[in-house]
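As stored in run.pdb (PDB, C-alpha atoms, pLDDT in the B column):
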```pdb
MODEL        1
ATOM      1  CA  MET A   1      -7.918  16.562 -12.023  1.00 66.00           C
ATOM      2  CA  LYS A   2      -5.421  15.148  -9.540  1.00 77.00           C
ATOM      3  CA  ASN A   3      -4.907  11.408 -10.030  1.00 83.00           C
ATOM      4  CA  PHE A   4      -2.782  10.680  -6.944  1.00 90.00           C
ATOM      5  CA  ASP A   5      -2.520  11.296  -3.216  1.00 92.00           C
ATOM      6  CA  VAL A   6       0.554  11.233  -0.980  1.00 96.00           C
ATOM      7  CA  GLN A   7       0.259  10.408   2.709  1.00 97.00           C
ATOM      8  CA  SER A   8       2.819   9.662   5.388  1.00 98.00           C
ATOM      9  CA  ILE A   9       2.969   8.579   8.994  1.00 98.00           C
ATOM     10  CA  GLY A  10       5.655   8.501  11.663  1.00 98.00           C
ATOM     11  CA  LEU A  11       6.456   5.022  12.970  1.00 98.00           C
ATOM     12  CA  THR A  12       8.033   4.222  16.335  1.00 98.00           C
ATOM     13  CA  VAL A  13      10.236   1.464  14.910  1.00 98.00           C
ATOM     14  CA  SER A  14      13.458   1.551  12.934  1.00 98.00           C
ATOM     15  CA  ALA A  15      13.361   1.754   9.148  1.00 98.00           C
ATOM     16  CA  GLU A  16      14.761  -1.795   9.029  1.00 98.00           C
ATOM     17  CA  THR A  17      11.958  -3.173  11.208  1.00 98.00           C
ATOM     18  CA  ALA A  18       9.317  -1.300   9.206  1.00 98.00           C
ATOM     19  CA  PHE A  19      10.803  -2.528   5.920  1.00 98.00           C
ATOM     20  CA  ASP A  20      10.874  -6.136   7.130  1.00 98.00           C
ATOM     21  CA  TYR A  21       7.149  -5.984   7.897  1.00 98.00           C
ATOM     22  CA  ILE A  22       5.844  -3.840   5.039  1.00 98.00           C
ATOM     23  CA  SER A  23       7.815  -5.639   2.321  1.00 98.00           C
ATOM     24  CA  GLN A  24       6.129  -8.977   3.067  1.00 98.00           C
ATOM     25  CA  PRO A  25       3.014  -9.345   0.869  1.00 97.00           C
ATOM     26  CA  ALA A  26       1.440 -11.770   3.372  1.00 98.00           C
ATOM     27  CA  ASN A  27       1.199  -8.872   5.854  1.00 98.00           C
ATOM     28  CA  LEU A  28      -0.969  -6.725   3.556  1.00 97.00           C
ATOM     29  CA  PRO A  29      -4.275  -8.178   4.854  1.00 97.00           C
ATOM     30  CA  LYS A  30      -3.177  -7.415   8.419  1.00 97.00           C
ATOM     31  CA  TRP A  31      -2.921  -3.652   7.933  1.00 96.00           C
ATOM     32  CA  THR A  32      -4.956  -2.865   4.817  1.00 94.00           C
ATOM     33  CA  ASN A  33      -8.632  -3.197   4.028  1.00 90.00           C
ATOM     34  CA  ALA A  34      -7.833  -3.775   0.368  1.00 88.00           C
ATOM     35  CA  PHE A  35      -6.623  -7.366   0.616  1.00 94.00           C
ATOM     36  CA  SER A  36      -8.220 -10.458   2.098  1.00 95.00           C
ATOM     37  CA  ARG A  37      -5.198 -12.589   1.118  1.00 97.00           C
ATOM     38  CA  ALA A  38      -1.785 -11.924  -0.410  1.00 97.00           C
ATOM     39  CA  ASP A  39       1.398 -13.813  -1.205  1.00 97.00           C
ATOM     40  CA  ALA A  40       4.460 -13.291  -3.383  1.00 95.00           C
ATOM     41  CA  ASN A  41       2.552 -13.774  -6.658  1.00 97.00           C
ATOM     42  CA  SER A  42      -1.139 -13.200  -6.150  1.00 97.00           C
ATOM     43  CA  ALA A  43      -3.763 -11.677  -3.916  1.00 97.00           C
ATOM     44  CA  ASN A  44      -7.466 -11.339  -3.362  1.00 96.00           C
ATOM     45  CA  LEU A  45      -8.458  -7.714  -3.599  1.00 89.00           C
ATOM     46  CA  VAL A  46     -11.581  -6.646  -1.707  1.00 87.00           C
ATOM     47  CA  THR A  47     -13.954  -4.627  -3.906  1.00 78.00           C
ATOM     48  CA  PRO A  48     -17.555  -3.443  -3.497  1.00 76.00           C
ATOM     49  CA  ASN A  49     -18.528  -6.392  -5.727  1.00 78.00           C
ATOM     50  CA  GLY A  50     -16.606  -8.994  -3.727  1.00 84.00           C
ATOM     51  CA  ASP A  51     -13.090 -10.418  -3.822  1.00 90.00           C
ATOM     52  CA  VAL A  52     -11.157 -10.300  -7.096  1.00 91.00           C
ATOM     53  CA  SER A  53      -8.141 -12.521  -7.685  1.00 95.00           C
ATOM     54  CA  ILE A  54      -5.218 -10.516  -9.035  1.00 95.00           C
ATOM     55  CA  ALA A  55      -1.565 -11.031  -9.868  1.00 97.00           C
ATOM     56  CA  LEU A  56       0.601  -9.216  -7.334  1.00 97.00           C
ATOM     57  CA  GLN A  57       4.208  -8.207  -7.794  1.00 98.00           C
ATOM     58  CA  THR A  58       6.078  -6.617  -4.898  1.00 98.00           C
ATOM     59  CA  VAL A  59       9.148  -4.656  -5.960  1.00 98.00           C
ATOM     60  CA  THR A  60      11.475  -3.773  -3.104  1.00 98.00           C
ATOM     61  CA  SER A  61      14.803  -2.092  -2.476  1.00 98.00           C
ATOM     62  CA  ARG A  62      16.082  -2.338   1.082  1.00 97.00           C
ATOM     63  CA  GLU A  63      18.813   0.209   0.301  1.00 97.00           C
ATOM     64  CA  ALA A  64      16.290   2.789  -0.959  1.00 97.00           C
ATOM     65  CA  GLY A  65      13.598   1.767   1.528  1.00 98.00           C
ATOM     66  CA  SER A  66      11.077   1.358  -1.276  1.00 98.00           C
ATOM     67  CA  VAL A  67       8.207  -1.104  -1.400  1.00 98.00           C
ATOM     68  CA  ASP A  68       6.054  -0.904  -4.520  1.00 98.00           C
ATOM     69  CA  TRP A  69       3.187  -3.065  -5.700  1.00 96.00           C
ATOM     70  CA  LEU A  70       1.998  -3.855  -9.223  1.00 96.00           C
ATOM     71  CA  MET A  71      -1.478  -5.352  -9.307  1.00 93.00           C
ATOM     72  CA  THR A  72      -2.755  -6.921 -12.531  1.00 94.00           C
ATOM     73  CA  PHE A  73      -6.506  -7.464 -12.762  1.00 91.00           C
ATOM     74  CA  PRO A  74      -8.239 -10.264 -14.701  1.00 91.00           C
ATOM     75  CA  ASP A  75      -9.045  -7.823 -17.538  1.00 90.00           C
ATOM     76  CA  GLY A  76      -5.355  -6.883 -17.870  1.00 92.00           C
ATOM     77  CA  ALA A  77      -5.666  -3.477 -16.174  1.00 88.00           C
ATOM     78  CA  VAL A  78      -2.707  -2.656 -13.929  1.00 91.00           C
ATOM     79  CA  ALA A  79      -2.857  -0.644 -10.711  1.00 89.00           C
ATOM     80  CA  THR A  80       0.224   0.575  -8.875  1.00 92.00           C
ATOM     81  CA  ALA A  81       1.078   1.687  -5.359  1.00 93.00           C
ATOM     82  CA  TYR A  82       4.414   3.154  -4.348  1.00 97.00           C
ATOM     83  CA  SER A  83       5.837   3.529  -0.864  1.00 98.00           C
ATOM     84  CA  ARG A  84       9.029   4.358   0.941  1.00 98.00           C
ATOM     85  CA  ILE A  85      10.360   3.918   4.438  1.00 98.00           C
ATOM     86  CA  THR A  86      12.737   6.661   5.551  1.00 98.00           C
ATOM     87  CA  PRO A  87      14.894   6.504   8.701  1.00 98.00           C
ATOM     88  CA  ASN A  88      14.090   9.151  11.304  1.00 98.00           C
ATOM     89  CA  GLY A  89      16.828   8.508  13.826  1.00 94.00           C
ATOM     90  CA  ALA A  90      17.838   5.074  15.072  1.00 92.00           C
ATOM     91  CA  ASP A  91      14.483   3.834  16.367  1.00 96.00           C
ATOM     92  CA  GLU A  92      11.924   5.722  14.310  1.00 98.00           C
ATOM     93  CA  SER A  93      10.959   5.955  10.666  1.00 98.00           C
ATOM     94  CA  ILE A  94       8.603   7.713   8.299  1.00 98.00           C
ATOM     95  CA  TYR A  95       6.388   5.720   5.964  1.00 98.00           C
ATOM     96  CA  SER A  96       5.284   7.566   2.831  1.00 98.00           C
ATOM     97  CA  PHE A  97       2.672   6.123   0.498  1.00 97.00           C
ATOM     98  CA  VAL A  98       1.799   7.354  -2.992  1.00 96.00           C
ATOM     99  CA  LEU A  99      -1.759   6.338  -3.768  1.00 90.00           C
ATOM    100  CA  MET A 100      -2.401   6.261  -7.496  1.00 88.00           C
ATOM    101  CA  ALA A 101      -5.897   6.479  -8.944  1.00 79.00           C
ATOM    102  CA  PRO A 102      -7.425   3.061  -9.573  1.00 72.00           C
ATOM    103  CA  PRO A 103      -7.841   1.811 -13.139  1.00 68.00           C
ATOM    104  CA  VAL A 104     -11.495   2.846 -13.452  1.00 57.00           C
ATOM    105  CA  PRO A 105     -13.358   4.856 -16.097  1.00 52.00           C
ATOM    106  CA  LEU A 106     -12.706   8.608 -15.986  1.00 48.00           C
ATOM    107  CA  GLU A 107     -16.208   9.426 -14.744  1.00 47.00           C
ATOM    108  CA  ALA A 108     -15.618   7.274 -11.644  1.00 46.00           C
ATOM    109  CA  LEU A 109     -12.037   8.390 -11.043  1.00 44.00           C
ATOM    110  CA  GLU A 110     -12.532  11.337  -8.692  1.00 52.00           C
ATOM    111  CA  GLY A 111     -14.955   9.552  -6.379  1.00 61.00           C
ATOM    112  CA  ALA A 112     -12.843   6.399  -6.290  1.00 70.00           C
ATOM    113  CA  LEU A 113      -9.649   8.252  -5.395  1.00 73.00           C
ATOM    114  CA  GLU A 114     -11.387  10.351  -2.729  1.00 79.00           C
ATOM    115  CA  ALA A 115     -12.768   7.205  -1.096  1.00 81.00           C
ATOM    116  CA  GLN A 116      -9.378   5.488  -1.226  1.00 83.00           C
ATOM    117  CA  LYS A 117      -7.672   8.495   0.407  1.00 87.00           C
ATOM    118  CA  VAL A 118      -9.857   8.137   3.499  1.00 88.00           C
ATOM    119  CA  ILE A 119      -9.268   4.389   3.621  1.00 89.00           C
ATOM    120  CA  LEU A 120      -5.492   4.848   3.274  1.00 91.00           C
ATOM    121  CA  ALA A 121      -5.358   7.211   6.249  1.00 93.00           C
ATOM    122  CA  THR A 122      -7.033   4.540   8.401  1.00 94.00           C
ATOM    123  CA  GLU A 123      -4.740   1.823   7.051  1.00 94.00           C
ATOM    124  CA  LEU A 124      -1.635   3.836   7.907  1.00 95.00           C
ATOM    125  CA  GLU A 125      -2.892   4.215  11.478  1.00 96.00           C
ATOM    126  CA  ASN A 126      -3.495   0.437  11.567  1.00 95.00           C
ATOM    127  CA  LEU A 127       0.082  -0.162  10.398  1.00 97.00           C
ATOM    128  CA  LYS A 128       1.448   2.209  13.020  1.00 97.00           C
ATOM    129  CA  GLY A 129      -0.453   0.371  15.769  1.00 97.00           C
ATOM    130  CA  ILE A 130       0.719  -3.056  14.603  1.00 97.00           C
ATOM    131  CA  LEU A 131       4.353  -2.008  14.438  1.00 97.00           C
ATOM    132  CA  ALA A 132       4.196  -0.285  17.833  1.00 95.00           C
ATOM    133  CA  ALA A 133       2.876  -3.432  19.538  1.00 92.00           C
TER
ENDMDL
END
```

Transcribe the structure of this file into structure tokens.
Amino acid sequence: MKNFDVQSIGLTVSAETAFDYISQPANLPKWTNAFSRADANSANLVTPNGDVSIALQTVTSREAGSVDWLMTFPDGAVATAYSRITPNGADESIYSFVLMAPPVPLEALEGALEAQKVILATELENLKGILAA
């Protein structure tokens, strides 16, 4: 069973502009449905059972264009998300996102990842619209 999904979207801003926006944890609630609040150390993750407070670590490399997130849940489970911004000429970029399966029991894994794939596609369109404005 596949435990990841990779999606990408073309952005009409430079890689530097995209990186500046995406690398800021406080912007996560603006373009994702997953967060109701985020800062450099913590976030509130939106779940079907309500908000969950988590530890959030954002690992970035401007040179590589990478923005990764490590999310630690109250029970100690860790979820990860990996992304990269790639230049596509001077004023455009490509944003690639590797969606990893959430830390849920195996019997719930396939349904959870499938649902998150659909949500991610919408979130990437949201991001594109925000950056184009």

Selected residue of minimal separation from Leu99 in chain A among A:Val59, A:Ala132, A:Ala115, A:Leu11, counting all atoms listed in the file: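 Once distances to Leu99 in chain A are computed over all atoms listed in the file, the minimum belongs to A:Ala115.
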
Residue contacts of Phe19 in chain A (8 Å, all atoms listed in the file) excluding same-chain residues fewer than 4 positions away, as a list in words: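 Close residues of Phe19 in chain A: Ala15, Ser23, Arg62, Gly65, Val67 and Ile85 of chain A.
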
Top pick for closest residue to Ala18 in chain A, considering A:Asn126, A:Thr60, A:Gln116, A:Ser93 and counting all atoms listed in the file: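 Residue with the minimum atom-to-atom distance to Ala18 in chain A: A:Ser93.
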
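Relative to CA of Ile22 in chain A, CA of Glu63 in chain A is found at 14.4 Å.
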
Given the PyMOL selection byres ((chain A and resi 122) around 12), the residues it picks as a list in words: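 That selection, the PyMOL selection byres ((chain A and resi 122) around 12), comes back as Gln7, Ser8, Ile9, Trp31, Thr32, Asn33, Ala34, Ala115, Gln116, Lys117, Val118, Ile119, Leu120, Ala121, Glu123, Leu124, Glu125, Asn126, Leu127, Lys128 and Gly129 of chain A.
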
Expansion of the PyMOL selection byres ((chain A and resi 78) around 10) into residues, as a PDB file with C-alpha atoms, keeping the file's coordinate frame:
```pdb
ATOM      1  CA  ILE A  54      -5.218 -10.516  -9.035  1.00 95.00           C
ATOM      2  CA  ALA A  55      -1.565 -11.031  -9.868  1.00 97.00           C
ATOM      3  CA  LEU A  56       0.601  -9.216  -7.334  1.00 97.00           C
ATOM      4  CA  LEU A  70       1.998  -3.855  -9.223  1.00 96.00           C
ATOM      5  CA  MET A  71      -1.478  -5.352  -9.307  1.00 93.00           C
ATOM      6  CA  THR A  72      -2.755  -6.921 -12.531  1.00 94.00           C
ATOM      7  CA  PHE A  73      -6.506  -7.464 -12.762  1.00 91.00           C
ATOM      8  CA  PRO A  74      -8.239 -10.264 -14.701  1.00 91.00           C
ATOM      9  CA  ASP A  75      -9.045  -7.823 -17.538  1.00 90.00           C
ATOM     10  CA  GLY A  76      -5.355  -6.883 -17.870  1.00 92.00           C
ATOM     11  CA  ALA A  77      -5.666  -3.477 -16.174  1.00 88.00           C
ATOM     12  CA  ALA A  79      -2.857  -0.644 -10.711  1.00 89.00           C
ATOM     13  CA  THR A  80       0.224   0.575  -8.875  1.00 92.00           C
ATOM     14  CA  PRO A 102      -7.425   3.061  -9.573  1.00 72.00           C
ATOM     15  CA  PRO A 103      -7.841   1.811 -13.139  1.00 68.00           C
TER      16      PRO A 103
END
```

Do you know which residues the PyMOL selection byres ((chain A and resi 101) around 6) returns on this file, as a PyMOL selection string? chain A and resi 3-4+100+102+113

Can you tell me which residues surround Trp69 in chain A at a distance of at most 6 Å, considering all atoms listed in the file, apart from same-chain residues fewer than 2 positions away, and format the answer as a PyMOL selection string? chain A and resi 57-58+80-81

Which residue is closest to Tyr21 in chain A? Choose from A:Asp51, A:Ala64, A:Tyr95, A:Ala90 and count all atoms listed in the file.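 The answer is A:Tyr95, which sits nearest to Tyr21 in chain A.
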
Extract, using only C-alpha atoms, all DNA, RNA and protein residues at most 12 Å from Gly89 in chain A, discarding same-chain residues fewer than 6 positions from it, and format them as number ranges by chain. A: 10-16

For each of A:Lys2, A:Leu131, A:Pro25, A:Gly50, take the minimum atom-to-atom distance to Asp91 in chain A, counting all atoms listed in the file, then give the residue where this is smallest.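 Going through A:Lys2, A:Leu131, A:Pro25, A:Gly50 one by one, the smallest distance to Asp91 in chain A is for A:Leu131.
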
What is the CA of Ser66 in chain A-CA of Tyr82 in chain A distance in Å, reported with one decimal?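 The value is 7.6 Å.
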
Separation of CA of Ser42 in chain A from CA of Ser61 in chain A, in Å and rounded to one decimal: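 Between CA of Ser42 in chain A and CA of Ser61 in chain A the gap is 19.8 Å.
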